[in-house]
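Structure file protein_31.csv (CSV, C-alpha atoms) follows.
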chain,number,residue,atom,x,y,z
A,165,MET,CA,-17.7,15.6,-33.1
A,166,THR,CA,-17.4,13.8,-29.8
A,167,THR,CA,-15.7,15.7,-27.0
A,168,VAL,CA,-13.8,13.7,-24.4
A,169,ILE,CA,-13.2,15.6,-21.1
A,170,PHE,CA,-10.1,14.0,-19.5
A,171,ILE,CA,-10.0,14.3,-15.7
A,172,HIS,CA,-6.6,13.3,-14.2
A,173,GLY,CA,-6.1,11.6,-10.9
A,174,THR,CA,-4.5,12.3,-7.5
A,175,GLY,CA,-1.2,14.1,-7.1
A,176,VAL,CA,-0.9,15.3,-10.7
A,177,ARG,CA,0.5,18.8,-11.0
A,178,PRO,CA,2.4,20.7,-13.8
A,179,PRO,CA,4.4,19.8,-15.7
A,180,HIS,CA,3.1,16.2,-15.4
A,181,ALA,CA,-0.4,17.3,-16.1
A,182,GLU,CA,0.5,18.6,-19.5
A,183,ALA,CA,2.5,15.5,-20.4
A,184,LEU,CA,-0.3,13.3,-19.4
A,185,ARG,CA,-2.8,15.3,-21.4
A,186,GLU,CA,-0.6,15.1,-24.5
A,187,ARG,CA,-0.2,11.4,-24.1
A,188,VAL,CA,-4.0,10.8,-23.8
A,189,THR,CA,-4.9,13.2,-26.6
A,190,ALA,CA,-2.5,11.6,-29.1
A,191,SER,CA,-3.4,8.1,-28.2
A,192,LEU,CA,-7.2,8.8,-28.4
A,193,ALA,CA,-6.7,10.5,-31.7
A,194,GLU,CA,-5.0,7.4,-33.1
A,195,ALA,CA,-7.7,5.1,-31.8
A,196,ALA,CA,-10.6,7.3,-32.7
A,197,PRO,CA,-9.7,9.9,-35.3
A,198,GLY,CA,-11.7,13.1,-35.1
A,199,VAL,CA,-12.4,13.0,-31.4
A,200,GLY,CA,-11.7,16.2,-29.5
A,201,VAL,CA,-10.0,16.1,-26.1
A,202,VAL,CA,-10.3,18.7,-23.4
A,203,ALA,CA,-8.6,18.4,-20.1
A,204,LEU,CA,-9.9,19.4,-16.7
A,205,ASP,CA,-6.5,20.2,-15.1
A,206,TRP,CA,-7.9,20.6,-11.6
A,207,GLY,CA,-4.8,19.9,-9.5
A,208,GLU,CA,-3.3,23.4,-9.1
A,209,ARG,CA,-6.6,25.2,-8.4
A,210,TYR,CA,-8.7,22.6,-6.5
A,211,GLY,CA,-6.1,20.1,-5.2
A,212,ALA,CA,-4.6,19.8,-1.8
A,213,ARG,CA,-1.8,22.0,-0.6
A,214,LEU,CA,0.2,22.4,2.6
A,215,ALA,CA,-1.4,25.7,3.5
A,216,ALA,CA,1.0,26.3,6.5
A,217,GLY,CA,4.1,25.1,4.6
A,218,GLY,CA,4.1,21.7,6.3
A,219,ALA,CA,3.9,22.9,9.9
A,220,SER,CA,2.0,19.8,10.8
A,221,ILE,CA,4.8,17.5,9.8
A,222,PRO,CA,7.0,16.6,12.9
A,223,TYR,CA,10.7,15.6,13.0
A,224,ASP,CA,12.1,18.2,10.6
A,225,GLY,CA,15.4,18.2,12.4
A,226,VAL,CA,15.0,21.7,13.6
A,227,GLY,CA,15.4,21.6,17.4
A,228,ALA,CA,14.9,17.9,17.4
A,229,THR,CA,17.1,15.5,19.4
A,230,GLU,CA,19.1,12.6,17.8
A,231,ARG,CA,16.5,10.3,19.2
A,232,ASP,CA,13.8,12.2,17.2
A,233,VAL,CA,15.5,12.3,13.9
A,234,GLY,CA,17.2,8.9,13.7
A,235,SER,CA,19.0,6.6,16.2
A,236,GLU,CA,19.9,3.1,16.9
A,237,GLU,CA,16.3,2.6,18.1
A,238,ASP,CA,15.1,3.6,14.7
A,239,ASP,CA,17.4,0.9,13.2
A,240,GLU,CA,15.8,-1.5,15.6
A,241,ALA,CA,12.3,-0.6,14.6
A,242,ALA,CA,13.2,-0.9,10.9
A,243,ALA,CA,14.7,-4.4,11.6
A,244,TRP,CA,11.5,-5.5,13.3
A,245,GLU,CA,9.5,-4.1,10.4
A,246,ARG,CA,11.5,-6.4,8.1
A,247,LEU,CA,11.0,-9.3,10.4
A,248,TYR,CA,7.2,-8.8,10.6
A,249,ARG,CA,7.2,-9.3,6.8
A,250,ASP,CA,9.7,-12.2,6.8
A,251,PRO,CA,10.0,-13.6,10.3
A,252,GLU,CA,12.8,-16.0,9.4
A,253,ALA,CA,15.0,-13.5,7.6
A,254,GLU,CA,17.7,-13.3,10.3
A,255,LEU,CA,17.6,-17.1,10.7
A,256,ALA,CA,18.1,-17.5,6.9
A,257,LEU,CA,21.1,-15.2,7.0
A,258,ALA,CA,22.5,-17.1,9.9
A,259,ALA,CA,22.0,-20.4,8.1
A,260,ALA,CA,23.9,-19.1,5.1
A,261,ARG,CA,27.1,-18.5,7.1
A,262,ASP,CA,29.9,-21.0,7.2
A,263,PRO,CA,29.5,-23.6,9.9
A,264,SER,CA,31.3,-22.7,13.2
A,265,GLY,CA,33.1,-26.1,13.4
A,266,GLU,CA,33.1,-29.8,12.7
A,267,ILE,CA,30.8,-32.0,14.6
A,268,PRO,CA,32.7,-34.7,16.6
A,269,PRO,CA,31.9,-38.3,15.7
A,270,GLY,CA,29.0,-39.6,17.8
A,271,ALA,CA,28.0,-36.1,19.1
A,272,ALA,CA,24.4,-34.9,18.8
A,273,PHE,CA,23.7,-32.5,16.0
A,274,PRO,CA,23.4,-29.0,17.4
A,275,ASP,CA,19.8,-28.5,16.2
A,276,GLU,CA,18.5,-31.6,18.0
A,277,GLU,CA,18.3,-29.9,21.4
A,278,PHE,CA,16.6,-26.9,19.9
A,279,ARG,CA,14.0,-29.0,18.2
A,280,GLU,CA,13.1,-30.5,21.5
A,281,ARG,CA,12.9,-27.1,23.2
A,282,LEU,CA,10.7,-25.8,20.4
A,283,ALA,CA,8.4,-28.8,20.7
A,284,ALA,CA,8.2,-28.2,24.5
A,285,LEU,CA,7.4,-24.5,23.8
A,286,ALA,CA,4.8,-25.5,21.3
A,287,ALA,CA,3.1,-27.6,23.9
A,288,ARG,CA,2.8,-24.7,26.3
A,289,ASP,CA,1.6,-22.4,23.5
A,290,GLU,CA,0.4,-18.9,24.7
A,291,ALA,CA,1.3,-19.6,28.4
A,292,VAL,CA,5.0,-18.8,27.7
A,293,ALA,CA,4.2,-15.2,26.6
A,294,PRO,CA,0.5,-14.5,27.3
A,295,HIS,CA,0.6,-10.8,26.3
A,296,LEU,CA,2.1,-11.6,22.9
A,297,GLY,CA,-1.1,-12.9,21.3
A,298,PRO,CA,-2.3,-16.2,19.8
A,299,GLY,CA,-0.4,-18.5,17.5
A,300,LEU,CA,3.0,-19.0,19.3
A,301,GLY,CA,2.6,-22.8,19.7
A,302,ALA,CA,1.8,-23.4,16.1
A,303,ARG,CA,4.7,-21.2,15.0
A,304,ALA,CA,7.1,-23.0,17.3
A,305,ALA,CA,6.1,-26.4,16.0
A,306,ALA,CA,6.5,-25.2,12.4
A,307,LEU,CA,10.0,-23.7,13.2
A,308,ALA,CA,11.1,-27.0,14.8
A,309,ARG,CA,10.2,-28.8,11.5
A,310,GLY,CA,11.7,-26.1,9.3
A,311,PRO,CA,14.8,-26.5,7.1
A,312,LEU,CA,16.7,-23.5,8.5
A,313,LEU,CA,17.2,-24.8,12.0
A,314,ALA,CA,19.9,-27.3,11.2
A,315,PRO,CA,22.3,-25.0,9.2
A,316,ALA,CA,21.7,-22.1,11.5
A,317,ALA,CA,22.6,-24.3,14.5
A,318,GLN,CA,25.9,-25.2,12.9
A,319,ALA,CA,26.7,-21.6,12.0
A,320,VAL,CA,26.0,-19.7,15.3
A,321,ASP,CA,26.5,-20.4,18.9
A,322,PRO,CA,23.6,-21.7,21.0
A,323,GLU,CA,23.1,-18.4,22.9
A,324,ALA,CA,22.7,-16.4,19.7
A,325,LEU,CA,20.5,-19.1,18.1
A,326,ALA,CA,18.1,-19.0,21.0
A,327,THR,CA,17.7,-15.3,20.5
A,328,LEU,CA,17.3,-15.6,16.8
A,329,LEU,CA,14.6,-18.2,17.2
A,330,ALA,CA,12.8,-16.1,19.8
A,331,ARG,CA,12.8,-13.1,17.5
A,332,ALA,CA,11.6,-15.2,14.6
A,333,LEU,CA,8.7,-16.6,16.7
A,334,VAL,CA,7.7,-13.2,18.1
A,335,ALA,CA,7.9,-11.6,14.6
A,336,ALA,CA,5.7,-14.4,13.2
A,337,VAL,CA,3.0,-13.9,15.8
A,338,ILE,CA,3.0,-10.1,15.5
A,339,GLY,CA,3.3,-10.2,11.7
A,340,ALA,CA,0.2,-12.5,11.5
A,341,ALA,CA,-1.7,-10.1,13.7
A,342,LEU,CA,-0.8,-7.2,11.4
A,343,ALA,CA,-1.8,-9.2,8.4
A,344,GLU,CA,-5.2,-9.7,9.9
A,345,ASP,CA,-5.6,-6.0,10.9
A,346,ALA,CA,-5.8,-6.9,14.6
A,347,PRO,CA,-6.9,-3.9,16.6
A,348,VAL,CA,-4.3,-4.5,19.3
A,349,ILE,CA,-0.6,-5.0,18.6
A,350,PRO,CA,2.1,-5.4,21.4
A,351,ASP,CA,4.2,-2.4,22.0
A,352,GLY,CA,8.0,-2.6,21.9
A,353,ALA,CA,8.4,-3.3,25.6
A,354,THR,CA,5.9,-6.2,25.5
A,355,ARG,CA,7.5,-7.5,22.4
A,356,ASP,CA,11.0,-7.4,23.9
A,357,ALA,CA,9.8,-9.0,27.1
A,358,ALA,CA,8.4,-11.9,25.0
A,359,VAL,CA,11.6,-12.3,23.1
A,360,ASP,CA,13.6,-12.5,26.4
A,361,ARG,CA,11.2,-15.0,27.9
A,362,ILE,CA,11.1,-17.2,24.8
A,363,ALA,CA,14.9,-17.0,24.4
A,364,ARG,CA,15.4,-18.2,28.0
A,365,GLU,CA,13.0,-21.1,27.3
A,366,LEU,CA,15.2,-22.0,24.4
A,367,GLY,CA,18.4,-21.9,26.4
A,368,ALA,CA,19.6,-18.2,26.5
A,369,ALA,CA,21.5,-17.5,29.6
A,370,ALA,CA,20.1,-14.2,30.7
A,371,PRO,CA,17.4,-11.7,29.9
A,372,GLY,CA,18.1,-8.6,27.7
A,373,THR,CA,19.8,-10.5,24.9
A,374,SER,CA,17.2,-9.3,22.4
A,375,ARG,CA,18.1,-5.6,22.9
A,376,GLY,CA,20.7,-3.7,20.9
A,377,PRO,CA,21.1,-3.7,17.2
A,378,VAL,CA,18.4,-6.2,16.2
A,379,GLY,CA,19.7,-6.3,12.7
A,380,ARG,CA,23.2,-7.5,13.5
A,381,LEU,CA,22.7,-10.5,11.3
A,382,ALA,CA,20.5,-8.6,8.8
A,383,ALA,CA,21.3,-6.2,6.0
A,384,ARG,CA,22.5,-3.2,8.0
A,385,PRO,CA,22.7,-0.6,5.2
A,386,LEU,CA,19.2,-1.4,4.1
A,387,LEU,CA,17.9,-0.8,7.6
A,388,ARG,CA,19.4,2.6,7.7
A,389,LEU,CA,17.7,3.6,4.5
A,390,GLY,CA,14.5,2.2,5.8
A,391,SER,CA,14.4,4.2,9.0
A,392,ARG,CA,16.9,7.0,9.6
A,393,TYR,CA,16.6,8.3,6.0
A,394,ALA,CA,12.8,8.2,6.1
A,395,VAL,CA,12.7,9.9,9.5
A,396,ARG,CA,15.2,12.6,8.7
A,397,ARG,CA,13.5,13.2,5.4
A,398,ARG,CA,10.0,13.0,6.6
A,399,ARG,CA,9.1,16.6,5.6
A,400,ALA,CA,10.4,16.1,2.1
A,401,LEU,CA,8.7,12.7,1.8
A,402,THR,CA,5.4,13.9,3.2
A,403,GLY,CA,5.5,17.0,1.0
A,404,ALA,CA,6.0,14.9,-2.1
A,405,ALA,CA,3.3,12.4,-1.1
A,406,HIS,CA,0.7,14.8,0.4
A,407,PRO,CA,-1.1,15.7,-2.9
A,408,ALA,CA,-2.2,12.1,-3.6
A,409,ALA,CA,-3.8,11.5,-0.2
A,410,GLY,CA,-4.8,15.1,0.3
A,411,ASP,CA,-6.5,15.4,-3.0
A,412,VAL,CA,-8.9,12.6,-2.2
A,413,LEU,CA,-9.7,14.0,1.3
A,414,THR,CA,-10.1,17.5,-0.1
A,415,PHE,CA,-12.6,16.4,-2.7
A,416,LEU,CA,-14.6,14.2,-0.4
A,417,VAL,CA,-14.9,17.0,2.2
A,418,ARG,CA,-15.0,20.1,0.0
A,419,GLY,CA,-15.6,18.9,-3.6
A,420,GLY,CA,-18.4,21.4,-4.5
A,421,PRO,CA,-16.1,23.9,-6.4
A,422,LEU,CA,-14.5,21.1,-8.4
A,423,ARG,CA,-17.8,19.6,-9.3
A,424,ALA,CA,-19.0,23.0,-10.4
A,425,ALA,CA,-15.9,23.5,-12.5
A,426,LEU,CA,-16.6,20.2,-14.3
A,427,ARG,CA,-20.2,21.3,-14.9
A,428,GLU,CA,-19.1,24.6,-16.4
A,429,LEU,CA,-16.6,22.8,-18.7
A,430,VAL,CA,-19.3,20.3,-19.9
A,431,ALA,CA,-21.6,23.2,-20.8
A,432,ALA,CA,-18.9,25.0,-22.7
A,433,VAL,CA,-17.8,22.1,-25.0
A,434,GLU,CA,-19.4,20.6,-28.1
A,435,PRO,CA,-21.6,17.6,-27.4
A,436,PRO,CA,-21.8,14.6,-27.3
A,437,VAL,CA,-19.5,14.6,-24.3
A,438,VAL,CA,-17.6,11.7,-22.8
A,439,LEU,CA,-16.2,12.0,-19.3
A,440,LEU,CA,-12.9,10.1,-19.0
A,441,GLY,CA,-11.6,10.0,-15.4
A,442,HIS,CA,-8.5,8.3,-14.0
A,443,SER,CA,-8.3,7.3,-10.3
A,444,LEU,CA,-9.7,10.3,-8.3
A,445,GLY,CA,-10.7,11.8,-11.7
A,446,GLY,CA,-13.2,8.9,-12.1
A,447,ILE,CA,-14.6,9.6,-8.6
A,448,ILE,CA,-15.0,13.3,-9.6
A,449,ALA,CA,-16.8,12.4,-12.8
A,450,LEU,CA,-19.1,9.8,-11.2
A,451,ASP,CA,-20.0,11.9,-8.2
A,452,THR,CA,-20.8,14.9,-10.3
A,453,LEU,CA,-23.0,12.9,-12.6
A,454,ILE,CA,-24.8,11.4,-9.6
A,455,GLU,CA,-25.4,14.7,-8.0
A,456,ALA,CA,-27.4,16.1,-10.9
A,457,PRO,CA,-27.8,15.4,-14.6
A,458,LEU,CA,-25.1,16.7,-16.9
A,459,PRO,CA,-26.8,17.5,-20.3
A,460,GLY,CA,-24.8,16.4,-23.2
A,461,VAL,CA,-22.8,13.7,-21.4
A,462,ARG,CA,-23.4,10.4,-23.2
A,463,LEU,CA,-20.7,8.1,-21.7
A,464,LEU,CA,-18.8,7.9,-18.4
A,465,VAL,CA,-15.4,6.1,-18.6
A,466,THR,CA,-13.5,5.5,-15.3
A,467,VAL,CA,-10.0,4.0,-15.4
A,468,GLY,CA,-8.3,2.6,-12.3
A,469,SER,CA,-10.9,4.3,-10.1
A,470,GLN,CA,-12.0,3.9,-6.6
A,471,GLY,CA,-15.6,5.1,-7.1
A,472,PRO,CA,-17.2,1.6,-6.7
A,473,PHE,CA,-15.2,1.0,-3.5
A,474,LEU,CA,-16.3,4.4,-2.0
A,475,TYR,CA,-19.9,3.6,-2.9
A,476,GLU,CA,-19.7,0.2,-1.2
A,477,THR,CA,-18.0,1.6,1.9
A,478,GLY,CA,-20.4,4.5,2.2
A,479,ALA,CA,-17.9,7.2,1.4
A,480,LEU,CA,-19.1,8.4,-2.0
A,481,PRO,CA,-20.6,11.8,-1.3
A,482,HIS,CA,-23.8,11.7,-3.3
A,483,LEU,CA,-24.8,8.0,-3.3
A,484,GLU,CA,-25.0,5.6,-0.4
A,485,HIS,CA,-25.1,1.9,-0.7
A,486,PRO,CA,-27.5,0.2,-1.5
A,487,GLU,CA,-29.2,3.1,-3.3
A,488,PRO,CA,-29.3,2.5,-7.1
A,489,LEU,CA,-27.5,4.6,-9.6
A,490,PRO,CA,-29.8,7.4,-10.7
A,491,ALA,CA,-31.5,6.9,-14.0
A,492,HIS,CA,-29.9,10.1,-15.5
A,493,VAL,CA,-26.3,8.7,-15.2
A,494,PRO,CA,-25.3,7.6,-18.7
A,495,ALA,CA,-23.6,4.4,-19.9
A,496,TRP,CA,-20.6,3.6,-17.7
A,497,LEU,CA,-17.4,1.9,-18.9
A,498,ASN,CA,-15.1,1.0,-16.0
A,499,ILE,CA,-11.6,-0.2,-16.8
A,500,HIS,CA,-9.3,-1.7,-14.2
A,501,ASP,CA,-6.1,-3.7,-14.2
A,502,ARG,CA,-6.0,-6.9,-12.1
A,503,ARG,CA,-2.7,-5.8,-10.6
A,504,ASP,CA,-3.8,-2.3,-9.8
A,505,LEU,CA,-4.8,-2.3,-6.1
A,506,LEU,CA,-6.5,1.1,-6.6
A,507,GLY,CA,-8.8,-0.1,-9.4
A,508,PHE,CA,-12.2,-1.5,-8.5
A,509,ALA,CA,-15.0,-3.3,-10.3
A,510,ALA,CA,-18.3,-1.5,-10.8
A,511,ALA,CA,-20.6,-4.1,-12.6
A,512,PRO,CA,-21.2,-6.3,-9.5
A,513,LEU,CA,-22.5,-3.2,-7.6
A,514,PHE,CA,-24.4,-1.7,-10.6
A,515,PRO,CA,-25.6,-4.7,-12.7
A,516,GLY,CA,-26.9,-3.6,-16.1
A,517,ARG,CA,-25.7,0.0,-15.5
A,518,ALA,CA,-21.9,-0.4,-15.5
A,519,GLU,CA,-19.6,-2.5,-17.8
A,520,ASP,CA,-16.3,-3.7,-16.5
A,521,ILE,CA,-13.2,-4.4,-18.6
A,522,ALA,CA,-10.2,-6.0,-16.9
A,523,THR,CA,-7.0,-5.2,-18.6
A,524,ASP,CA,-3.4,-6.5,-18.0
A,525,ASN,CA,-0.7,-3.9,-18.5
A,526,ARG,CA,1.9,-6.4,-17.1
A,527,GLN,CA,3.1,-4.0,-14.5
A,528,PRO,CA,3.3,-4.6,-10.7
A,529,PHE,CA,1.6,-2.2,-8.3
A,530,PRO,CA,2.0,0.8,-8.1
A,531,ALA,CA,3.2,1.1,-11.7
A,532,ALA,CA,0.0,-0.7,-12.8
A,533,HIS,CA,-2.0,2.3,-11.6
A,534,SER,CA,-0.4,4.6,-14.1
A,535,ALA,CA,0.4,2.3,-17.0
A,536,TYR,CA,-3.1,2.4,-18.5
A,537,TRP,CA,-2.2,5.4,-20.6
A,538,THR,CA,0.4,3.5,-22.6
A,539,ASP,CA,-1.8,0.4,-23.1
A,540,PRO,CA,-3.4,0.4,-26.6
A,541,ALA,CA,-6.2,-2.0,-25.3
A,542,VAL,CA,-7.5,0.8,-23.0
A,543,TYR,CA,-7.8,3.2,-26.0
A,544,ARG,CA,-9.4,0.6,-28.2
A,545,ALA,CA,-12.0,-0.2,-25.5
A,546,ILE,CA,-12.9,3.6,-25.2
A,547,ALA,CA,-12.9,4.1,-29.0
A,548,GLU,CA,-15.4,1.2,-29.5
A,549,ARG,CA,-17.9,2.8,-27.2
A,550,LEU,CA,-17.7,6.5,-28.2
A,551,PRO,CA,-21.0,8.0,-29.1
I need this file expressed as structure tokens, please.
Amino acid sequence: MTTVIFIHGTGVRPPHAEALRERVTASLAEAAPGVGVVALDWGERYGARLAAGGASIPYDGVGATERDVGSEEDDEAAAWERLYRDPEAELALAAARDPSGEIPPGAAFPDEEFRERLAALAARDEAVAPHLGPGLGARAAALARGPLLAPAAQAVDPEALATLLARALVAAVIGAALAEDAPVIPDGATRDAAVDRIARELGAAAPGTSRGPVGRLAARPLLRLGSRYAVRRRRALTGAAHPAAGDVLTFLVRGGPLRAALRELVAAVEPPVVLLGHSLGGIIALDTLIEAPLPGVRLLVTVGSQGPFLYETGALPHLEHPEPLPAHVPAWLNIHDRRDLLGFAAAPLFPGRAEDIATDNRQPFPAAHSAYWTDPAVYRAIAERLP
């Protein structure tokens, strides 16, 4: 009888470990009757824990000032975070408001002057705000041609519109830098100075109009949830999230005891053995096999795992790119979902040694990372390759 050793992924602790083991056992039994399933529930014994009770996590609220645990500046930071993702968000909200008044016959449309100022700004490019970073000219030209300018100009006064446009431009430049993982990002003071300078170029009367509640025209309640709640609850949020990141770091730095536990379990079960690892569980199985032969193991199955990525980046403990996979490593089936951002391909790195199967559980990330275990296609693929 084939024995499948199931190795769960990051952050799994009781009672979720038991529920996951039951799900995998039942589904494998249906896909491959007669197979035995044994779980290596390593989380409690070998996983990460906050040994000092979370003493490293700041901003618990004990002895902290209001500025520490959530303030108007937190709301401002959250508003900018939203603008970096969608630089025209405030402008779109302004454009959706009712027009401020009728345009007299023969009068210029209120957006015409702003289009001219944006075009002049585009011509000067980075000279307007040299410390902001590249791309201001192109963003200004695109904004001048965009569809939001006309309705926004009819809905808000020119002073407010100048500031809205300046924030949109600054957010677009910084957002692009963030998307490109630029090593230097302007700090808040540099950002605000750029907004003031650009707003004056667009007709704002005086500096300082960018300060205050940046999200005045944005979704205010959402901003509070995005900043004050997260800052005030940082200890709880970090405590809930730490096993996932901590488990990976703990294994990579001190994975010896966990690899030894897997070896002991393999030696104790009936062969032939299949190692089935999800996420970090796949890394554990792969790295243990690479370290030294595991007699009786005939198949390695990794699901939504980062093993190939760690190998390519030089972070897999016992195999450094471009060293080949040791000959003693058995057949390797690697299953990943195209929407799972934590699942990686193995076959391009190990041609002829690893087989990739791309599934589609029709879930977005991060749900896609955990939806493998209700996907019948995953169990069918495993069952077809069992020794």
* Which polymer residues have any atom within 12 Å of an atom of Thr189 of chain A, counting all atoms listed in the file, with same-chain residues fewer than 3 positions away left out, as JSON, numbers by chain? -> {"A": [167, 168, 169, 170, 182, 183, 184, 185, 186, 192, 193, 194, 195, 196, 197, 198, 199, 200, 201, 202, 203, 440, 537, 538, 543]}
* Which residues, written as a VMD selection string, have at least one atom at most 7 Å from segment 301-314 of chain A, with only C-alpha atoms counted and residues fewer than 4 positions away on the same chain left out? -> chain A and resid 255 to 256 259 275 279 282 to 283 285 to 290 318 333
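Proximity ranking of A:Asp360, A:Gly410, A:Asp321, A:Thr174 relative to Leu506 of chain A places A:Thr174 first, based on all atoms listed in the file.
Put simply, atom CA of Leu463 of chain A is 6.4 Å away from atom CA of Leu439 of chain A.
Atom CA of Thr166 of chain A is found 7.3 Å from atom CA of Glu434 of chain A.
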* To do: Around the point (13.7, -21.2, 20.9) in the file's coordinates, collect all residues with an atom within 9 Å, using all atoms listed in the file, and return them as a PyMOL selection string.
  => chain A and resi 278-279+281-282+285+304+307-308+325-333+362-368
* **Exercise: residues within 12 Å of coordinate (-27.1, 18.8, -22.0), counting all atoms listed in the file, as JSON, numbers by chain** => {"A": [427, 428, 429, 430, 431, 432, 433, 434, 435, 436, 437, 438, 453, 456, 457, 458, 459, 460, 461, 462, 492, 494]}
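Residue nearest Ala409 of chain A within the list A:Leu257, A:Leu426, A:Leu513, A:Leu444: A:Leu444 [criterion: smallest interatomic distance, only C-alpha atoms].
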* **Å distance separating atom CA of Tyr475 of chain A from atom CA of Gln527 of chain A, one decimal place** => 26.9 Å
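Proximity to Glu548 of chain A was assessed for A:Glu476, A:Pro490, A:Val465, A:Ala216 counting all atoms listed in the file; the smallest distance is recorded for A:Val465.
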* Asked: Which residue, A:Leu214, A:Ala316, A:Ala340, A:Ala181, has the smallest gap to Asp411 of chain A when you use all atoms listed in the file?
  -> A:Leu214
Mind checking which residues fall within 9 Å of Leu422 of chain A, counting all atoms listed in the file, ignoring those fewer than 2 positions away in the same chain, and posting them as a short mmCIF file (atom, residue, chain, number, x, y, z; two decimals) with C-alpha atoms, keeping the file's coordinate frame?
data_model
loop_
_atom_site.label_atom_id
_atom_site.label_comp_id
_atom_site.auth_asym_id
_atom_site.auth_seq_id
_atom_site.Cartn_x
_atom_site.Cartn_y
_atom_site.Cartn_z
CA TRP A 206 -7.90 20.60 -11.60
CA ARG A 209 -6.60 25.20 -8.40
CA TYR A 210 -8.70 22.60 -6.50
CA PHE A 415 -12.60 16.40 -2.70
CA ARG A 418 -15.00 20.10 0.00
CA GLY A 419 -15.60 18.90 -3.60
CA GLY A 420 -18.40 21.40 -4.50
CA ALA A 424 -19.00 23.00 -10.40
CA ALA A 425 -15.90 23.50 -12.50
CA LEU A 426 -16.60 20.20 -14.30
CA ARG A 427 -20.20 21.30 -14.90
CA ILE A 448 -15.00 13.30 -9.60
#
* To do: Within 9 Å of Ala293 of chain A, counting all atoms listed in the file, which residues show up once you throw out same-chain ones fewer than 4 positions away? Write them as a VMD selection string, please.
  => chain A and resid 289 297 300 357 to 359 361 to 362
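Minimum distance to Ala479 of chain A across A:Leu413, A:Val334, A:Ile171, A:Val320 (counting all atoms listed in the file) occurs at A:Leu413.
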